[in-house]
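So this one's final_14.cif, mmCIF, C-alpha atoms and all ligand atoms:
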data_coords
loop_
_atom_site.label_atom_id
_atom_site.label_comp_id
_atom_site.auth_asym_id
_atom_site.auth_seq_id
_atom_site.Cartn_x
_atom_site.Cartn_y
_atom_site.Cartn_z
CA MET A 1 0.00 0.00 0.00
CA SER A 2 1.29 3.50 -0.86
CA THR A 3 2.37 5.87 1.93
CA PRO A 4 -0.46 8.34 2.58
CA SER A 5 0.01 12.09 2.33
CA LEU A 6 -2.06 15.02 3.61
CA PRO A 7 -4.22 16.68 0.96
CA PRO A 8 -4.05 20.51 1.02
CA ALA A 9 -7.69 20.75 2.18
CA LEU A 10 -6.80 18.91 5.40
CA ALA A 11 -3.43 20.58 5.89
CA ALA A 12 -5.23 23.95 5.80
CA LEU A 13 -7.48 23.22 8.80
CA ASP A 14 -6.56 25.75 11.47
CA GLN A 15 -8.26 24.42 14.64
CA LEU A 16 -6.24 21.22 14.72
CA THR A 17 -2.85 19.88 13.78
CA LEU A 18 -2.50 16.85 11.55
CA SER A 19 0.57 14.73 10.97
CA LEU A 20 1.27 11.34 9.48
CA ASP A 21 3.50 8.63 10.87
CA GLY A 22 3.36 5.95 8.19
CA ALA A 23 -0.23 4.75 8.01
CA VAL A 24 -1.21 6.45 11.30
CA LEU A 25 -2.80 9.90 11.20
CA HIS A 26 -2.34 11.98 14.34
CA LEU A 27 -5.11 14.56 14.90
CA ARG A 28 -4.31 17.01 17.67
CA LEU A 29 -6.98 19.45 18.91
CA ASN A 30 -5.21 22.79 18.77
CA ARG A 31 -6.97 25.33 21.00
CA PRO A 32 -4.84 25.00 24.15
CA ALA A 33 -5.62 28.55 25.32
CA LYS A 34 -9.27 27.44 25.55
CA ARG A 35 -8.35 24.01 26.88
CA ASN A 36 -9.32 22.60 23.48
CA ALA A 37 -12.99 23.47 24.05
CA ILE A 38 -15.00 22.37 21.04
CA SER A 39 -16.32 25.30 19.02
CA ASP A 40 -18.53 24.93 15.93
CA ALA A 41 -15.42 25.43 13.79
CA LEU A 42 -13.51 22.72 15.63
CA ILE A 43 -16.29 20.12 15.43
CA ALA A 44 -16.71 20.87 11.70
CA GLN A 45 -12.99 20.42 11.13
CA ILE A 46 -12.82 17.12 13.03
CA HIS A 47 -15.76 15.92 10.94
CA THR A 48 -13.99 17.00 7.74
CA VAL A 49 -10.92 14.95 8.67
CA PHE A 50 -12.92 11.77 9.25
CA VAL A 51 -14.99 12.04 6.08
CA GLN A 52 -11.92 12.89 4.00
CA LEU A 53 -9.39 10.49 5.50
CA PRO A 54 -6.51 10.14 3.04
CA GLU A 55 -6.32 6.79 1.35
CA GLY A 56 -3.70 4.62 2.99
CA VAL A 57 -4.47 5.85 6.52
CA ARG A 58 -5.14 2.72 8.58
CA ALA A 59 -5.51 4.15 12.10
CA VAL A 60 -5.96 7.55 13.75
CA VAL A 61 -4.77 8.93 17.08
CA VAL A 62 -6.72 11.84 18.61
CA SER A 63 -5.05 13.97 21.28
CA GLY A 64 -5.13 17.50 22.66
CA GLU A 65 -2.44 20.19 22.57
CA GLY A 66 -1.31 21.34 26.03
CA GLU A 67 -2.07 19.90 29.43
CA HIS A 68 -5.72 19.05 28.76
CA PHE A 69 -7.39 16.75 26.27
CA CYS A 70 -10.61 18.76 25.98
CA ALA A 71 -12.81 20.99 28.19
CA GLY A 72 -15.96 20.04 26.27
CA LEU A 73 -18.38 22.28 24.47
CA ASP A 74 -17.18 25.85 23.92
CA LEU A 75 -19.63 27.43 26.35
CA SER A 76 -19.14 30.90 24.87
CA GLU A 77 -21.03 29.78 21.75
CA LEU A 78 -23.96 28.24 23.62
CA VAL A 79 -25.56 31.37 24.94
CA GLU A 80 -27.91 32.59 22.18
CA ARG A 81 -29.24 29.45 20.47
CA ASP A 82 -32.95 28.82 19.91
CA THR A 83 -34.47 25.34 20.22
CA LEU A 84 -34.09 24.32 16.58
CA GLY A 85 -30.59 25.75 16.47
CA ALA A 86 -29.71 23.69 19.53
CA VAL A 87 -31.10 20.49 17.99
CA MET A 88 -29.13 21.09 14.79
CA HIS A 89 -26.01 21.82 16.83
CA SER A 90 -26.33 18.51 18.66
CA ARG A 91 -26.97 16.70 15.36
CA MET A 92 -23.75 18.24 13.97
CA TRP A 93 -21.84 16.69 16.88
CA HIS A 94 -23.60 13.37 16.28
CA ALA A 95 -22.58 13.39 12.61
CA CYS A 96 -18.97 14.06 13.54
CA PHE A 97 -18.77 11.44 16.28
CA ASP A 98 -20.60 8.85 14.14
CA ALA A 99 -17.99 9.45 11.44
CA ILE A 100 -15.38 8.50 14.06
CA ALA A 101 -17.18 5.60 15.71
CA LEU A 102 -18.51 4.01 12.53
CA GLY A 103 -15.76 5.08 10.17
CA ARG A 104 -13.28 3.17 8.07
CA VAL A 105 -10.38 2.99 10.53
CA PRO A 106 -9.82 2.44 14.25
CA VAL A 107 -9.27 5.55 16.36
CA VAL A 108 -7.21 5.70 19.57
CA ALA A 109 -7.68 8.60 22.02
CA ALA A 110 -4.68 9.83 24.05
CA LEU A 111 -6.09 11.49 27.17
CA GLN A 112 -4.48 13.83 29.65
CA GLY A 113 -5.79 16.48 32.05
CA ALA A 114 -9.42 17.48 31.58
CA VAL A 115 -11.62 15.04 29.68
CA ILE A 116 -14.82 16.91 30.34
CA GLY A 117 -18.36 16.97 28.95
CA GLY A 118 -18.13 16.97 25.17
CA GLY A 119 -14.46 16.02 25.49
CA LEU A 120 -15.53 12.80 27.17
CA GLU A 121 -18.14 12.31 24.43
CA LEU A 122 -15.40 12.70 21.83
CA ALA A 123 -13.23 10.19 23.66
CA ALA A 124 -16.19 7.78 23.90
CA SER A 125 -16.63 7.83 20.13
CA CYS A 126 -13.05 6.56 19.70
CA HIS A 127 -12.37 2.82 19.83
CA VAL A 128 -9.46 2.63 22.27
CA ARG A 129 -8.79 5.11 25.06
CA VAL A 130 -5.42 5.62 26.80
CA ALA A 131 -5.31 7.91 29.86
CA ASP A 132 -2.24 9.16 31.67
CA ASP A 133 -2.22 9.71 35.42
CA SER A 134 -3.14 13.39 35.05
CA ALA A 135 -6.45 12.60 33.32
CA TYR A 136 -9.76 13.33 34.98
CA PHE A 137 -13.28 12.76 33.76
CA GLY A 138 -16.41 14.78 34.45
CA LEU A 139 -19.84 15.62 33.10
CA PRO A 140 -20.59 19.11 34.46
CA GLU A 141 -23.64 19.51 32.22
CA GLY A 142 -25.89 19.32 35.30
CA GLN A 143 -24.04 22.21 36.93
CA ARG A 144 -24.18 24.23 33.69
CA GLY A 145 -27.94 23.71 33.32
CA ILE A 146 -27.67 21.69 30.11
CA PHE A 147 -27.59 18.03 29.02
CA VAL A 148 -25.14 15.95 27.04
CA GLY A 149 -25.62 16.51 23.31
CA GLY A 150 -22.70 14.78 21.63
CA GLY A 151 -23.88 11.20 21.95
CA GLY A 152 -22.89 10.90 25.60
CA SER A 153 -26.19 9.45 26.76
CA VAL A 154 -25.87 6.68 24.16
CA ARG A 155 -22.15 5.87 24.33
CA LEU A 156 -21.16 6.53 27.93
CA PRO A 157 -23.67 4.17 29.61
CA ARG A 158 -22.36 1.45 27.30
CA LEU A 159 -18.89 2.05 28.75
CA MET A 160 -19.58 2.71 32.42
CA GLY A 161 -23.27 1.95 33.01
CA VAL A 162 -26.26 4.22 33.58
CA ALA A 163 -25.75 4.41 37.37
CA ARG A 164 -22.19 5.78 37.16
CA MET A 165 -23.15 8.30 34.49
CA THR A 166 -26.15 9.39 36.55
CA ASP A 167 -23.86 9.94 39.55
CA LEU A 168 -21.37 12.01 37.51
CA MET A 169 -24.12 14.16 35.99
CA LEU A 170 -26.17 14.69 39.16
CA THR A 171 -23.39 15.27 41.67
CA GLY A 172 -20.63 16.74 39.53
CA ARG A 173 -18.33 13.95 40.69
CA VAL A 174 -14.99 13.83 38.89
CA TYR A 175 -13.17 10.55 38.31
CA ASP A 176 -9.39 10.42 38.39
CA ALA A 177 -7.45 8.18 36.01
CA ASP A 178 -7.71 5.13 38.28
CA GLU A 179 -11.45 5.57 38.70
CA GLY A 180 -11.84 6.09 34.95
CA LEU A 181 -10.03 2.83 34.33
CA ALA A 182 -12.06 0.95 36.94
CA ALA A 183 -15.33 2.36 35.54
CA GLY A 184 -14.48 1.24 32.02
CA LEU A 185 -14.02 4.71 30.54
CA VAL A 186 -10.50 3.87 29.37
CA GLN A 187 -8.74 0.63 28.53
CA TYR A 188 -5.16 1.77 29.37
CA ARG A 189 -3.60 3.91 32.10
CA VAL A 190 0.00 5.10 31.77
CA PRO A 191 2.30 7.46 33.72
CA THR A 192 1.82 11.21 33.25
CA GLY A 193 3.06 12.35 29.85
CA GLY A 194 2.91 8.86 28.35
CA ALA A 195 -0.52 8.76 26.75
CA LEU A 196 0.47 9.89 23.27
CA ASP A 197 3.41 7.48 22.94
CA LYS A 198 1.25 4.59 24.11
CA ALA A 199 -1.61 5.59 21.80
CA MET A 200 0.74 5.89 18.82
CA ALA A 201 2.27 2.47 19.57
CA LEU A 202 -1.19 0.91 19.79
CA ALA A 203 -2.27 2.63 16.57
CA GLN A 204 0.79 1.32 14.71
CA ARG A 205 -0.04 -2.19 15.89
CA ILE A 206 -3.69 -1.77 14.87
CA ALA A 207 -2.63 -0.40 11.47
CA ALA A 208 -0.71 -3.62 10.82
CA ASN A 209 -3.90 -5.73 11.05
CA ALA A 210 -5.79 -6.74 7.95
CA PRO A 211 -8.05 -3.76 7.05
CA MET A 212 -11.01 -6.15 6.64
CA SER A 213 -10.58 -7.44 10.21
CA ASN A 214 -10.39 -3.91 11.60
CA PHE A 215 -13.41 -2.88 9.56
CA ALA A 216 -15.38 -5.90 10.81
CA VAL A 217 -14.50 -5.08 14.43
CA LEU A 218 -15.63 -1.48 14.00
CA GLN A 219 -18.80 -2.20 12.04
CA ALA A 220 -19.96 -5.59 13.29
CA LEU A 221 -19.15 -5.63 17.02
CA PRO A 222 -21.29 -2.65 18.08
CA ARG A 223 -24.19 -3.81 15.90
CA ILE A 224 -24.05 -7.40 17.16
CA ALA A 225 -24.00 -6.07 20.72
CA GLU A 226 -27.39 -4.47 20.02
CA GLN A 227 -28.90 -7.57 18.39
CA ALA A 228 -30.80 -10.39 20.02
CA PRO A 229 -28.47 -13.38 20.59
CA GLN A 230 -29.65 -15.50 17.66
CA GLU A 231 -29.47 -12.56 15.24
CA GLY A 232 -26.07 -11.72 16.66
CA LEU A 233 -24.78 -15.25 16.13
CA PHE A 234 -26.01 -15.25 12.55
CA THR A 235 -24.42 -11.85 11.84
CA GLU A 236 -21.21 -13.14 13.39
CA SER A 237 -21.17 -16.13 11.05
CA LEU A 238 -21.61 -13.91 8.00
CA VAL A 239 -18.95 -11.40 9.03
CA SER A 240 -16.57 -14.19 10.01
CA ALA A 241 -17.01 -15.85 6.62
CA ILE A 242 -16.47 -12.57 4.73
CA ALA A 243 -13.35 -11.65 6.70
CA GLY A 244 -11.87 -15.15 6.69
CA SER A 245 -12.27 -15.69 2.97
CA SER A 246 -10.42 -12.52 1.97
CA PRO A 247 -7.10 -13.13 0.18
CA GLU A 248 -5.24 -11.22 2.88
CA ALA A 249 -6.67 -13.43 5.64
CA GLN A 250 -5.77 -16.57 3.73
CA GLN A 251 -2.21 -15.31 3.19
CA ARG A 252 -1.87 -14.46 6.89
CA LEU A 253 -3.07 -17.94 7.87
CA ARG A 254 -0.62 -19.57 5.44
CA ASP A 255 2.19 -17.41 6.87
CA PHE A 256 1.41 -18.63 10.38
CA LEU A 257 1.33 -22.26 9.31
CA ALA A 258 4.67 -21.73 7.51
CA LYS A 259 6.06 -20.27 10.76
CA LYS A 260 6.54 -16.88 9.08
CA ALA A 261 4.11 -14.98 11.33
CA GLY A 262 4.44 -13.88 14.94
CA LYS A 263 3.12 -15.99 17.82
CA VAL A 264 0.80 -14.66 20.49
CA VAL A 265 2.95 -13.21 23.27
CA LYS A 266 2.04 -12.15 26.81
CA GLY A 267 1.70 -8.43 27.74
C1 LIG B 1 -13.51 27.54 28.04
C2 LIG B 1 -13.96 26.24 28.34
C3 LIG B 1 -15.17 25.82 27.73
C4 LIG B 1 -12.13 26.56 29.40
N1 LIG B 1 -15.81 26.70 26.93
N2 LIG B 1 -14.17 28.36 27.22
N3 LIG B 1 -17.23 22.24 30.00
C5 LIG B 1 -17.00 22.70 31.24
O1 LIG B 1 -17.91 23.04 31.97
C6 LIG B 1 -15.57 22.80 31.63
C7 LIG B 1 -15.19 24.27 31.83
N4 LIG B 1 -13.74 24.43 32.02
C8 LIG B 1 -13.12 24.20 33.21
O2 LIG B 1 -13.72 23.74 34.17
C9 LIG B 1 -11.66 24.56 33.28
O3 LIG B 1 -11.37 25.48 32.20
C10 LIG B 1 -10.71 23.33 33.14
C11 LIG B 1 -10.83 22.46 34.40
C12 LIG B 1 -11.04 22.48 31.90
C13 LIG B 1 -9.25 23.83 32.99
O4 LIG B 1 -8.95 24.75 34.05
P1 LIG B 1 -7.72 25.75 33.89
O5 LIG B 1 -7.57 26.47 35.21
O6 LIG B 1 -6.53 25.01 33.35
O7 LIG B 1 -8.13 26.80 32.71
P2 LIG B 1 -9.13 28.04 32.78
O8 LIG B 1 -8.39 29.25 33.29
O9 LIG B 1 -10.39 27.70 33.46
O10 LIG B 1 -9.49 28.23 31.24
C14 LIG B 1 -8.58 28.81 30.31
C15 LIG B 1 -9.41 29.54 29.27
O11 LIG B 1 -10.20 28.59 28.56
C16 LIG B 1 -10.40 30.51 29.89
O12 LIG B 1 -10.59 31.57 28.97
P3 LIG B 1 -9.86 33.00 29.16
O13 LIG B 1 -10.34 33.82 27.99
O14 LIG B 1 -10.29 33.51 30.50
O15 LIG B 1 -8.38 32.70 29.11
C17 LIG B 1 -11.68 29.70 29.97
O16 LIG B 1 -12.83 30.50 29.98
C18 LIG B 1 -11.58 28.93 28.67
N5 LIG B 1 -12.37 27.70 28.72
N6 LIG B 1 -13.09 25.66 29.18
C19 LIG B 1 -15.30 27.91 26.69
N7 LIG B 1 -15.68 24.60 27.94
C20 LIG B 1 -22.43 18.62 22.93
S1 LIG B 1 -22.91 18.97 24.48
C21 LIG B 1 -21.51 18.95 25.48
C22 LIG B 1 -21.77 19.72 26.73
C23 LIG B 1 -20.52 20.00 27.48
O17 LIG B 1 -19.43 19.76 27.04
S2 LIG B 1 -20.75 20.73 29.00
C24 LIG B 1 -19.16 20.84 29.67
C25 LIG B 1 -18.53 22.17 29.36
#
Could you express the structure from this file as structure tokens?
Amino acid sequence: MSTPSLPPALAALDQLTLSLDGAVLHLRLNRPAKRNAISDALIAQIHTVFVQLPEGVRAVVVSGEGEHFCAGLDLSELVERDTLGAVMHSRMWHACFDAIALGRVPVVAALQGAVIGGGLELAASCHVRVADDSAYFGLPEGQRGIFVGGGGSVRLPRLMGVARMTDLMLTGRVYDADEGLAAGLVQYRVPTGGALDKAMALAQRIAANAPMSNFAVLQALPRIAEQAPQEGLFTESLVSAIAGSSPEAQQRLRDFLAKKAGKVVKG
């Protein structure tokens, strides 16, 4: 596969920084003075990246510039919206986060500092989350007089359960990195300053998988999880047959049998 490059339309985006490391695209939110709060311009630009992913990109890492991942919705833009405007605003976030969650490639979030409100919703739309020890997680929507609008009520209970999310939203409780790990918000916890390196290493490993396998994980797993067991089993059989009969899968299986592929190794 050819090495991807950044098209000018993506390189011109001014609310984020994009760079390529082989087949891994690194998207860094770039509003550190506002703690990477998500403005309309920023959400539109993140959406643009995911609908225009350069060919050859096989995984994405999302991180935030500065000490914080993301302080959530840019509250300065919230003030004067009418009801329809607010619905459309939420739907814009949904479109962006759906493009991440149900897109072509796996996305790893590297989390540090504040992972708050819409920032936590962004993280929840990614597929793998790595937090460093400085990370903390909160949903201050209750205190701000609003509600989640970026898919949080759909995705977060699937990670941590309705009861934990209810607690965070009602009481303003903030989880530290350990609590976030225990609650299921993140899959990895690393020392302070280490989230990006870990996320990039995971993304490189993910990018080396067969694209069909990664695609099946992204597209089939969440759908099967919502199906009744017998429908889920049938879907699994179909997806398994499609993935396993691809030429790349067959080559990878032959390589293992010829002792040319890596074994499974512990941690
Ligand atoms: C912001 C935002 C923001 C910072 N919108 N401007 N999110 C929140 O309720 C979180 C609000 N933010 C905070 O609680 C704190 O800023 C932090 C804990 C994240 C970081 O604290 P700190 O001391 O490092 O920074 P700071 O001094 O509070 O903020 C630096 C600047 O960023 C400051 O602006 P400045 O012009 O005075 O320099 C802040 O006003 C600005 N800033 N966060 C706008 N969020 C789709 S629905 C989703 C709903 C939600 O996300 S609700 C949660 C909103």
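Around ligand LIG 1 (chain B), using only C-alpha atoms and all ligand atoms and a cut-off of 6 Å, the residues in contact are Ala33, Lys34, Arg35, Ala37, Ala71, Gly72, Leu73, Asp74, Leu75, Ser76, Ser90, Ala114, Ile116, Gly117, Gly118, Pro140, Glu141, Val148, Gly149 and Gly150 of chain A.
Using all atoms listed in the file for every distance, the candidate list A:Gly172, A:Gly180, A:Pro7, A:Pro106 yields A:Pro106 as the residue closest to Ile206 in chain A.
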Box time for range 35-52 of chain A: axis-aligned, enclosing all its listed atoms, 8 Å extra on each side; report centre and edge lengths in Å to one decimal, as lines of an AutoDock Vina configuration file.
center_x = -13.4
center_y = 18.6
center_z = 15.4
size_x = 26.2
size_y = 29.7
size_z = 38.9
Rows by chain and residue number, range 93-162 of chain A within 12 Å of range 40-44 of chain A, shortest pair, all atoms listed in the file, as a Markdown table:
| residue | atom | partner | partner_atom | distance |
| --- | --- | --- | --- | --- |
| A:Trp93 | CA | A:Ile43 | CA | 6.7 |
| A:His94 | CA | A:Ile43 | CA | 10.0 |
| A:Ala95 | CA | A:Ala44 | CA | 9.6 |
| A:Cys96 | CA | A:Ile43 | CA | 6.9 |
| A:Phe97 | CA | A:Ile43 | CA | 9.1 |
| A:Ala99 | CA | A:Ala44 | CA | 11.5 |
| A:Ile100 | CA | A:Ile43 | CA | 11.7 |
| A:Gly118 | CA | A:Ile43 | CA | 10.4 |
| A:Gly119 | CA | A:Ile43 | CA | 11.0 |
| A:Leu122 | CA | A:Ile43 | CA | 9.8 |
| A:Gly150 | CA | A:Ile43 | CA | 10.4 |
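Note that the spacing between CA of Ala216 in chain A and CA of Ser246 in chain A amounts to 12.1 Å.
Using only C-alpha atoms, the shortest contact distance between Ile38 in chain A and any of A:Ala243, A:Leu16, A:Val51, A:Ala228 is found at A:Leu16.
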